[in-house]
>>> print(open('upload_14.txt').read())   # compact mmCIF, C-alpha atoms
# COMPACT_ATOMS: atom_id res chain seq x y z
CA MET A 129 -79.36 76.23 -159.25
CA VAL A 130 -82.03 78.26 -157.48
CA GLN A 131 -85.03 77.98 -159.76
CA GLN A 132 -87.92 80.35 -160.22
CA SER A 133 -90.79 79.70 -157.85
CA ARG A 134 -94.31 81.04 -157.70
CA ASP A 135 -95.49 79.00 -154.73
CA SER A 136 -96.51 81.67 -152.23
CA GLY A 137 -97.68 78.99 -149.83
CA SER A 138 -94.36 77.15 -149.70
CA GLY A 139 -93.18 79.01 -146.61
CA VAL A 140 -90.22 80.42 -148.56
CA ALA A 141 -90.01 84.23 -148.59
CA LEU A 142 -90.02 85.29 -152.24
CA VAL A 143 -89.19 88.59 -153.92
CA ARG A 144 -89.78 89.86 -157.46
CA ILE A 145 -86.63 90.24 -159.55
CA GLY A 146 -87.39 93.94 -160.20
CA PHE A 147 -84.28 96.11 -160.44
CA ALA A 148 -82.03 93.11 -159.73
CA GLN A 149 -82.07 92.87 -163.53
CA ALA A 150 -79.30 95.47 -163.44
CA ILE A 151 -76.85 93.09 -161.73
CA PRO A 152 -75.12 91.77 -164.91
CA HIS A 153 -74.64 95.33 -166.21
CA LEU A 154 -73.09 96.42 -162.91
CA LEU A 155 -70.81 93.38 -162.78
CA ARG A 156 -69.51 94.03 -166.28
CA GLY A 157 -68.91 97.66 -165.39
CA LEU A 158 -66.78 96.49 -162.47
CA GLY A 159 -64.81 94.15 -164.74
CA VAL A 160 -66.32 90.88 -163.53
CA ASP A 161 -67.92 88.11 -165.60
CA PRO A 162 -71.59 87.80 -164.55
CA SER A 163 -71.77 84.11 -165.45
CA ALA A 164 -69.01 83.30 -162.96
CA ILE A 165 -70.77 85.20 -160.17
CA PHE A 166 -74.14 83.58 -160.85
CA ALA A 167 -72.53 80.14 -160.97
CA GLU A 168 -70.78 80.74 -157.66
CA ALA A 169 -74.03 81.99 -156.08
CA GLY A 170 -76.01 79.06 -157.49
CA VAL A 171 -78.60 81.30 -159.13
CA ASP A 172 -80.03 80.76 -162.59
CA PRO A 173 -79.27 83.97 -164.57
CA THR A 174 -82.34 83.46 -166.78
CA LEU A 175 -84.43 84.52 -163.79
CA LEU A 176 -83.41 88.07 -164.68
CA ASN A 177 -85.12 87.88 -168.07
CA ASP A 178 -88.46 88.97 -166.58
CA PRO A 179 -88.90 91.47 -163.68
CA GLU A 180 -91.99 89.52 -162.58
CA ASN A 181 -90.00 86.36 -161.92
CA LEU A 182 -89.65 85.42 -158.26
CA ILE A 183 -86.54 84.41 -156.37
CA ALA A 184 -86.15 83.32 -152.77
CA PHE A 185 -85.26 86.29 -150.55
CA ARG A 186 -82.29 84.40 -149.12
CA ALA A 187 -81.09 83.42 -152.60
CA ARG A 188 -81.16 87.05 -153.71
CA SER A 189 -79.32 88.07 -150.54
CA HIS A 190 -76.68 85.42 -151.22
CA LEU A 191 -76.35 86.61 -154.82
CA ILE A 192 -75.78 90.23 -153.78
CA ASN A 193 -73.29 89.12 -151.13
CA THR A 194 -71.45 87.11 -153.78
CA CYS A 195 -71.45 90.15 -156.10
CA ALA A 196 -69.95 92.38 -153.40
CA ALA A 197 -67.29 89.80 -152.54
CA GLY A 198 -66.51 88.94 -156.17
CA THR A 199 -66.09 92.57 -157.24
CA GLY A 200 -64.47 93.84 -154.08
CA CYS A 201 -67.03 96.65 -154.19
CA LEU A 202 -68.22 97.16 -150.63
CA HIS A 203 -71.05 99.42 -151.78
CA PHE A 204 -72.43 97.10 -154.45
CA GLY A 205 -75.89 97.17 -152.84
CA LEU A 206 -75.90 100.96 -153.04
CA LEU A 207 -75.00 100.83 -156.75
CA LEU A 208 -77.76 98.30 -157.38
CA GLY A 209 -80.36 100.36 -155.56
CA GLN A 210 -79.43 103.40 -157.65
CA GLN A 211 -80.74 101.54 -160.70
CA GLY A 212 -84.21 101.13 -159.18
CA GLN A 213 -87.32 102.99 -160.32
CA LEU A 214 -90.93 103.00 -159.15
CA SER A 215 -91.92 100.76 -162.07
CA ASP A 216 -89.74 97.99 -160.62
CA LEU A 217 -92.44 97.42 -157.98
CA GLY A 218 -94.94 96.25 -160.60
CA LEU A 219 -98.61 96.80 -159.73
CA VAL A 220 -97.67 98.21 -156.32
CA GLY A 221 -95.50 100.83 -157.99
CA LEU A 222 -98.21 101.73 -160.49
CA LEU A 223 -100.74 102.22 -157.71
CA ALA A 224 -98.34 104.64 -156.01
CA LYS A 225 -97.61 106.48 -159.26
CA TYR A 226 -101.28 107.17 -159.97
CA SER A 227 -102.12 108.27 -156.41
CA PRO A 228 -103.43 111.78 -155.70
CA ASP A 229 -100.56 112.77 -153.39
CA VAL A 230 -97.31 111.55 -151.88
CA GLU A 231 -98.85 110.41 -148.60
CA THR A 232 -101.43 108.23 -150.36
CA ALA A 233 -98.67 106.78 -152.55
CA LEU A 234 -96.43 105.92 -149.60
CA ARG A 235 -99.29 104.52 -147.52
CA SER A 236 -100.30 102.21 -150.37
CA LEU A 237 -96.67 101.16 -150.80
CA GLN A 238 -96.45 100.32 -147.11
CA SER A 239 -99.72 98.37 -147.17
CA HIS A 240 -99.05 96.32 -150.29
CA PHE A 241 -95.25 95.94 -150.30
CA PHE A 242 -95.51 92.28 -149.27
CA LEU A 243 -96.90 91.55 -152.75
CA HIS A 244 -93.56 92.67 -154.18
CA ALA A 245 -91.32 91.11 -151.55
CA ARG A 246 -91.61 88.80 -148.58
CA GLY A 247 -88.83 88.94 -146.02
CA ALA A 248 -88.73 92.74 -145.74
CA THR A 249 -91.06 95.68 -145.39
CA THR A 250 -91.20 99.41 -145.98
CA THR A 251 -92.11 101.59 -143.05
CA LEU A 252 -93.60 105.08 -142.84
CA GLU A 253 -93.70 107.31 -139.79
CA VAL A 254 -94.77 110.94 -139.53
CA HIS A 255 -93.92 112.97 -136.45
CA ALA A 256 -94.98 116.63 -136.55
CA ALA A 257 -92.78 118.24 -139.22
CA VAL A 258 -90.72 115.16 -140.08
CA ALA A 259 -91.50 112.02 -142.09
CA MET A 260 -89.41 108.84 -142.23
CA LEU A 261 -89.56 106.25 -145.00
CA GLY A 262 -87.67 103.16 -143.95
CA TYR A 263 -86.84 99.57 -144.84
CA GLU A 264 -86.56 96.64 -142.47
CA ILE A 265 -85.52 93.03 -143.09
CA HIS A 266 -87.38 90.34 -141.16
CA GLU A 267 -86.23 87.25 -143.05
CA PRO A 268 -84.11 85.26 -140.57
CA GLN A 269 -80.38 84.86 -141.23
CA SER A 270 -80.29 86.91 -144.42
CA GLU A 271 -76.84 87.57 -145.82
CA ALA A 272 -75.58 91.03 -146.70
CA ALA A 273 -78.21 92.89 -144.67
CA ASP A 274 -76.17 96.09 -144.95
CA GLN A 275 -75.97 95.75 -148.75
CA LEU A 276 -79.71 95.08 -149.03
CA CYS A 277 -80.63 98.05 -146.85
CA ASP A 278 -78.24 100.40 -148.67
CA GLY A 279 -79.87 99.37 -151.94
CA ALA A 280 -83.36 99.79 -150.54
CA LEU A 281 -82.62 103.32 -149.30
CA ALA A 282 -81.15 104.26 -152.68
CA PHE A 283 -84.27 102.90 -154.37
CA GLU A 284 -86.53 104.81 -151.97
CA TYR A 285 -84.52 107.96 -152.70
CA ASN A 286 -85.15 107.52 -156.44
CA MET A 287 -88.82 106.81 -155.80
CA LEU A 288 -89.36 109.93 -153.67
CA ALA A 289 -87.45 112.06 -156.18
CA ALA A 290 -89.74 110.74 -158.92
CA LEU A 291 -92.89 111.42 -156.89
CA CYS A 292 -91.88 114.82 -155.51
CA GLY A 293 -89.71 116.23 -158.28
CA PRO A 294 -86.15 117.60 -158.34
CA ARG A 295 -86.67 119.97 -155.38
CA TRP A 296 -87.10 117.03 -152.97
CA LYS A 297 -84.10 116.29 -150.78
CA PRO A 298 -83.80 114.22 -147.59
CA LEU A 299 -82.96 115.97 -144.35
CA GLU A 300 -80.96 112.94 -143.22
CA VAL A 301 -80.27 109.34 -144.23
CA ARG A 302 -80.01 106.73 -141.48
CA PHE A 303 -78.28 103.37 -141.73
CA ALA A 304 -78.64 100.57 -139.17
CA HIS A 305 -75.07 99.40 -139.73
CA ARG A 306 -71.53 100.51 -139.04
CA LYS A 307 -69.97 103.45 -140.84
CA PRO A 308 -68.26 102.07 -143.97
CA VAL A 309 -64.58 102.64 -144.58
CA ASP A 310 -65.41 104.74 -147.65
CA VAL A 311 -68.46 106.97 -147.25
CA GLY A 312 -67.75 108.85 -150.48
CA PRO A 313 -70.22 106.90 -152.66
CA PHE A 314 -72.95 107.46 -150.07
CA ARG A 315 -72.29 111.19 -149.81
CA ARG A 316 -72.21 111.64 -153.57
CA PHE A 317 -75.52 109.86 -154.12
CA PHE A 318 -77.65 111.00 -151.20
CA LYS A 319 -76.21 114.54 -150.90
CA ALA A 320 -77.51 114.71 -147.32
CA PRO A 321 -76.22 114.18 -143.76
CA LEU A 322 -75.56 110.49 -143.10
CA VAL A 323 -76.06 108.76 -139.75
CA PHE A 324 -74.66 105.27 -139.15
CA ASP A 325 -75.38 102.89 -136.27
CA ALA A 326 -78.95 104.17 -136.31
CA GLU A 327 -81.81 102.13 -134.91
CA GLN A 328 -83.57 102.05 -138.30
CA ASN A 329 -82.76 102.35 -141.99
CA ALA A 330 -84.67 105.43 -143.09
CA LEU A 331 -84.85 108.52 -145.26
CA VAL A 332 -85.83 111.49 -143.12
CA PHE A 333 -87.55 114.36 -144.95
CA SER A 334 -89.90 117.24 -144.38
CA ALA A 335 -93.48 116.14 -143.73
CA ASP A 336 -94.64 119.01 -145.96
CA TRP A 337 -93.94 116.75 -148.93
CA MET A 338 -96.66 114.34 -147.82
CA ASN A 339 -99.30 116.73 -149.21
CA HIS A 340 -97.52 117.16 -152.54
CA SER A 341 -99.95 116.48 -155.41
CA LEU A 342 -98.91 113.94 -158.02
CA PRO A 343 -99.29 114.77 -161.74
CA GLY A 344 -100.30 111.20 -162.59
CA ASP A 345 -103.39 111.14 -160.38
CA ASP A 346 -105.91 108.94 -162.22
CA PRO A 347 -108.85 107.77 -160.06
CA ALA A 348 -110.25 105.38 -162.68
CA LEU A 349 -106.93 103.67 -163.31
CA ARG A 350 -106.23 103.60 -159.58
CA ARG A 351 -109.52 101.78 -158.92
CA LEU A 352 -108.63 99.20 -161.58
CA LEU A 353 -105.16 98.67 -160.09
CA GLN A 354 -106.64 98.43 -156.60
CA ARG A 355 -109.03 95.67 -157.72
CA GLN A 356 -106.14 93.72 -159.20
CA ILE A 357 -104.10 94.15 -156.03
CA ASN A 358 -107.05 93.16 -153.85
CA ALA A 359 -107.40 89.95 -155.87
CA LEU A 360 -103.71 89.18 -155.31
CA GLU A 361 -104.05 89.86 -151.59
CA VAL A 362 -106.93 87.38 -151.33
CA ARG A 363 -104.56 84.72 -152.69
CA HIS A 364 -102.00 85.70 -150.04
CA GLY A 365 -104.54 86.05 -147.24
CA GLU A 366 -103.61 82.72 -145.72
CA ASP A 367 -100.24 84.09 -144.69
CA LEU A 368 -101.30 86.13 -141.64
CA PRO A 369 -98.18 85.31 -139.54
CA CYS A 370 -95.99 86.69 -142.33
CA GLN A 371 -98.07 89.85 -142.51
CA VAL A 372 -97.85 90.34 -138.75
CA ARG A 373 -94.09 89.81 -138.83
CA SER A 374 -93.86 92.42 -141.60
CA VAL A 375 -95.12 95.16 -139.28
CA LEU A 376 -93.55 94.02 -136.02
CA SER A 377 -90.03 95.33 -136.75
CA THR A 378 -91.17 98.92 -136.93
CA ALA A 379 -93.81 98.48 -134.23
CA LEU A 380 -91.28 97.16 -131.71
CA LEU A 381 -88.69 99.84 -132.46
CA THR A 382 -91.24 102.65 -132.17
CA GLY A 383 -92.87 101.43 -128.97
CA HIS A 384 -96.11 100.36 -130.66
CA GLY A 385 -95.68 96.60 -130.45
CA SER A 386 -98.47 95.63 -128.07
CA ALA A 387 -101.04 93.08 -129.21
CA ASP A 388 -103.78 95.73 -129.23
CA GLN A 389 -101.71 98.17 -131.29
CA VAL A 390 -100.66 95.59 -133.88
CA ALA A 391 -104.15 94.07 -134.09
CA SER A 392 -105.55 97.52 -134.83
CA LEU A 393 -103.37 97.68 -137.95
CA PHE A 394 -105.32 94.67 -139.23
CA SER A 395 -108.67 96.13 -138.11
CA MET A 396 -109.32 93.41 -135.55
CA HIS A 397 -109.33 92.87 -131.79
CA SER A 398 -106.22 91.38 -130.19
CA ARG A 399 -108.21 88.29 -129.15
CA THR A 400 -109.23 87.76 -132.78
CA LEU A 401 -105.63 88.18 -133.90
CA ASN A 402 -104.39 85.60 -131.41
CA ARG A 403 -107.18 83.19 -132.35
CA ARG A 404 -106.31 83.46 -136.04
CA LEU A 405 -102.60 83.08 -135.35
CA SER A 406 -103.33 80.01 -133.22
CA ALA A 407 -104.83 78.37 -136.31
CA PHE A 408 -101.37 78.63 -137.86
CA GLY A 409 -99.74 77.01 -134.84
CA THR A 410 -98.21 80.20 -133.47
CA SER A 411 -99.06 83.10 -131.18
CA PHE A 412 -98.53 86.84 -131.09
CA GLN A 413 -95.94 86.50 -128.33
CA GLN A 414 -94.00 83.91 -130.30
CA LEU A 415 -93.90 86.28 -133.28
CA VAL A 416 -92.80 89.14 -131.01
CA ASP A 417 -89.99 87.01 -129.56
CA ALA A 418 -88.85 85.91 -133.02
CA SER A 419 -88.92 89.47 -134.36
CA SER A 420 -87.12 90.83 -131.29
CA LEU A 421 -84.37 88.23 -131.71
CA GLU A 422 -83.96 89.06 -135.41
CA ILE A 423 -83.77 92.81 -134.72
CA ALA A 424 -81.28 92.27 -131.90
CA GLN A 425 -79.09 89.94 -133.96
CA GLN A 426 -79.09 92.32 -136.92
CA MET A 427 -78.06 95.22 -134.67
CA LEU A 428 -75.39 93.13 -132.95
CA GLU A 429 -73.91 91.99 -136.25
CA SER A 430 -74.32 95.06 -138.45
CA SER A 431 -73.88 97.97 -136.04
CA ALA A 432 -71.44 99.09 -133.37
CA LEU A 433 -74.24 99.87 -130.91
CA GLU A 434 -73.59 98.73 -127.36
CA VAL A 435 -75.82 96.03 -125.85
CA ARG A 436 -77.47 98.57 -123.55
CA GLN A 437 -78.36 100.74 -126.57
CA ILE A 438 -79.90 97.77 -128.37
CA ALA A 439 -81.82 96.86 -125.22
CA LEU A 440 -83.20 100.39 -125.00
CA ALA A 441 -84.18 100.37 -128.68
CA LEU A 442 -86.24 97.23 -128.07
CA GLY A 443 -87.97 98.75 -125.05
CA TYR A 444 -85.85 97.21 -122.27
CA ALA A 445 -84.95 99.87 -119.70
CA ASP A 446 -82.82 97.27 -117.88
CA PRO A 447 -80.04 95.73 -120.03
CA SER A 448 -79.94 92.66 -117.78
CA ALA A 449 -83.60 91.96 -118.57
CA PHE A 450 -82.78 92.14 -122.27
CA THR A 451 -79.82 89.78 -121.77
CA ARG A 452 -82.07 87.26 -120.00
CA ALA A 453 -84.65 87.50 -122.79
CA PHE A 454 -81.95 87.10 -125.46
CA ARG A 455 -80.62 84.01 -123.69
CA ARG A 456 -84.14 82.57 -123.58
CA TRP A 457 -84.60 83.21 -127.31
CA SER A 458 -81.19 82.04 -128.51
CA GLY A 459 -79.52 80.02 -125.75
CA THR A 460 -76.65 82.47 -125.34
CA THR A 461 -75.97 86.07 -124.31
CA PRO A 462 -75.85 89.04 -126.72
CA ALA A 463 -72.12 89.55 -126.10
CA ARG A 464 -71.29 85.91 -126.78
CA TRP A 465 -73.50 85.83 -129.88
CA ARG A 466 -71.76 88.94 -131.24
CA SER A 467 -68.33 87.41 -130.58
CA THR A 468 -69.19 84.43 -132.81
CA ARG A 469 -69.86 86.64 -135.83
CA GLU A 470 -67.20 87.83 -138.22
CA PRO A 471 -65.40 90.82 -136.71
CA GLY A 472 -66.49 94.12 -138.23
CA PRO A 473 -64.56 97.37 -138.59
CA PRO A 474 -63.31 99.06 -135.43
CA LYS A 475 -66.04 100.77 -133.48
CA ALA A 476 -66.45 104.34 -134.70
CA HIS A 477 -67.20 107.16 -132.33
CA ASP A 478 -68.26 109.51 -135.14
CA ARG A 479 -71.77 108.39 -136.11
CA THR A 480 -72.24 110.91 -138.90
CA GLY A 481 -71.08 110.98 -142.46
>>> encode(input="upload_14.txt", output="structure tokens")
Amino acid sequence: MVQQSRDSGSGVALVRIGFAQAIPHLLRGLGVDPSAIFAEAGVDPTLLNDPENLIAFRARSHLINTCAAGTGCLHFGLLLGQQGQLSDLGLVGLLAKYSPDVETALRSLQSHFFLHARGATTTLEVHAAVAMLGYEIHEPQSEAADQLCDGALAFEYNMLAALCGPRWKPLEVRFAHRKPVDVGPFRRFFKAPLVFDAEQNALVFSADWMNHSLPGDDPALRRLLQRQINALEVRHGEDLPCQVRSVLSTALLTGHGSADQVASLFSMHSRTLNRRLSAFGTSFQQLVDASSLEIAQQMLESSALEVRQIALALGYADPSAFTRAFRRWSGTTPARWRSTREPGPPKAHDRTG
């Protein structure tokens, strides 16, 4: 059995149980015995008794993959994410709830998300009139990446609807995986244009909502929550490589992955960043290479994007240069690596839902 762990220094990426508590209810609704699924996944079901309990990111991924396979429900992750609410993020969710406006709430979520989950990160980009709230996995070799990302986008949808009110709607929902055979559940929930084989998982919405005032704004309570979160972050401060990895996925895909640009996110010079990373036995370039490989492998496995499109997404104008880099990182070519994975659905030419 995978037991509860609270050792943040163990090197294992952990995630709070949160809305995963809804798994037994969903399994029963689909006519499947939860105890059989948990036994098959090797996860102790008592972990779900408390949303603050921690589970290894990979163990949770394996559990959700087992749920999807055991129920035959290919959108199980989407169903699970639909159960999520802001309160499932614990202190991080409370800090967002009591923020003065949506932008402050989302910025705090982005900054402190690693306290809720290691192995993935939320991303926020604002370009002129459009904002994008996304979710990226950076835990190596995680199962069911498509299920996890579908669930995360459904959760983010619920969160933005709670912050903004019933008038909020996304302009578009982007998925970094192939178009599923049945897009009906996605259309019914999101009620917005769907784009598959996208470079990022993201909800796209009008940037006007960023200035929307929140009714729960409470400066005194927010200061108290911030002090508690700061104390938690001090305990996690030794994990700088993990924090750098948490921002690299978005930084690389948006063309902001230089050492200077990433170091600025941590309010330090790039030389300082490299010196501190060296104390952990790694370097910025090693983290960039590892993150690039993970992004490339996820795109190769989960999407129908061509190798040249993946190369371009990672900033390689020349696909052959990307192929050489991929071989250096993994020992094989992108095409050969993709051929070793389980075959996905036929490549779809229609990228929209």
>>> atom_distance(input="upload_14.txt", atom1="CA of Met427 in chain A", atom2="CA of Phe394 in chain A")
27.6 Å
>>> closest_residue(input="upload_14.txt", among="A:Tyr285, A:Leu322, A:Met338, A:Arg302", to="Ala256 in chain A", atoms="all atoms listed in the file")
A:Met338
>>> residues_around(input="upload_14.txt", residues="Ser458 in chain A", least_positions_apart="5", cutoff="10 Å", atoms="all atoms listed in the file", output="MDAnalysis selection string")
chainID A and resid 418 421 425 453 465
>>> residues_around(input="upload_14.txt", residues="Ser430 in chain A", least_positions_apart="6", cutoff="10 Å", atoms="all atoms listed in the file", output="MDAnalysis selection string")
chainID A and resid 272:274 303:307 325 424 466 469 472
>>> residues_around(input="upload_14.txt", residues="range 199-207 of chain A", least_positions_apart="6", cutoff="9 Å", atoms="only C-alpha atoms", output="PyMOL selection string")
chain A and resi 154-155+158-160+192-193+272+274-283+308-310+313-314+317
>>> atom_distance(input="upload_14.txt", atom1="CA of Met260 in chain A", atom2="CA of Leu360 in chain A")
27.6 Å
>>> residues_around(input="upload_14.txt", residues="Asn286 in chain A", least_positions_apart="6", cutoff="9 Å", atoms="only C-alpha atoms", output="ChimeraX atom specification")
/A:209-214
>>> residues_around(input="upload_14.txt", residues="Arg464 in chain A", least_positions_apart="2", cutoff="12 Å", atoms="all atoms listed in the file", output="MDAnalysis selection string")
chainID A and resid 425 428:429 435 451 454:455 458:462 466:469
>>> atom_distance(input="upload_14.txt", atom1="CA of Leu393 in chain A", atom2="CA of Asp367 in chain A")
15.5 Å
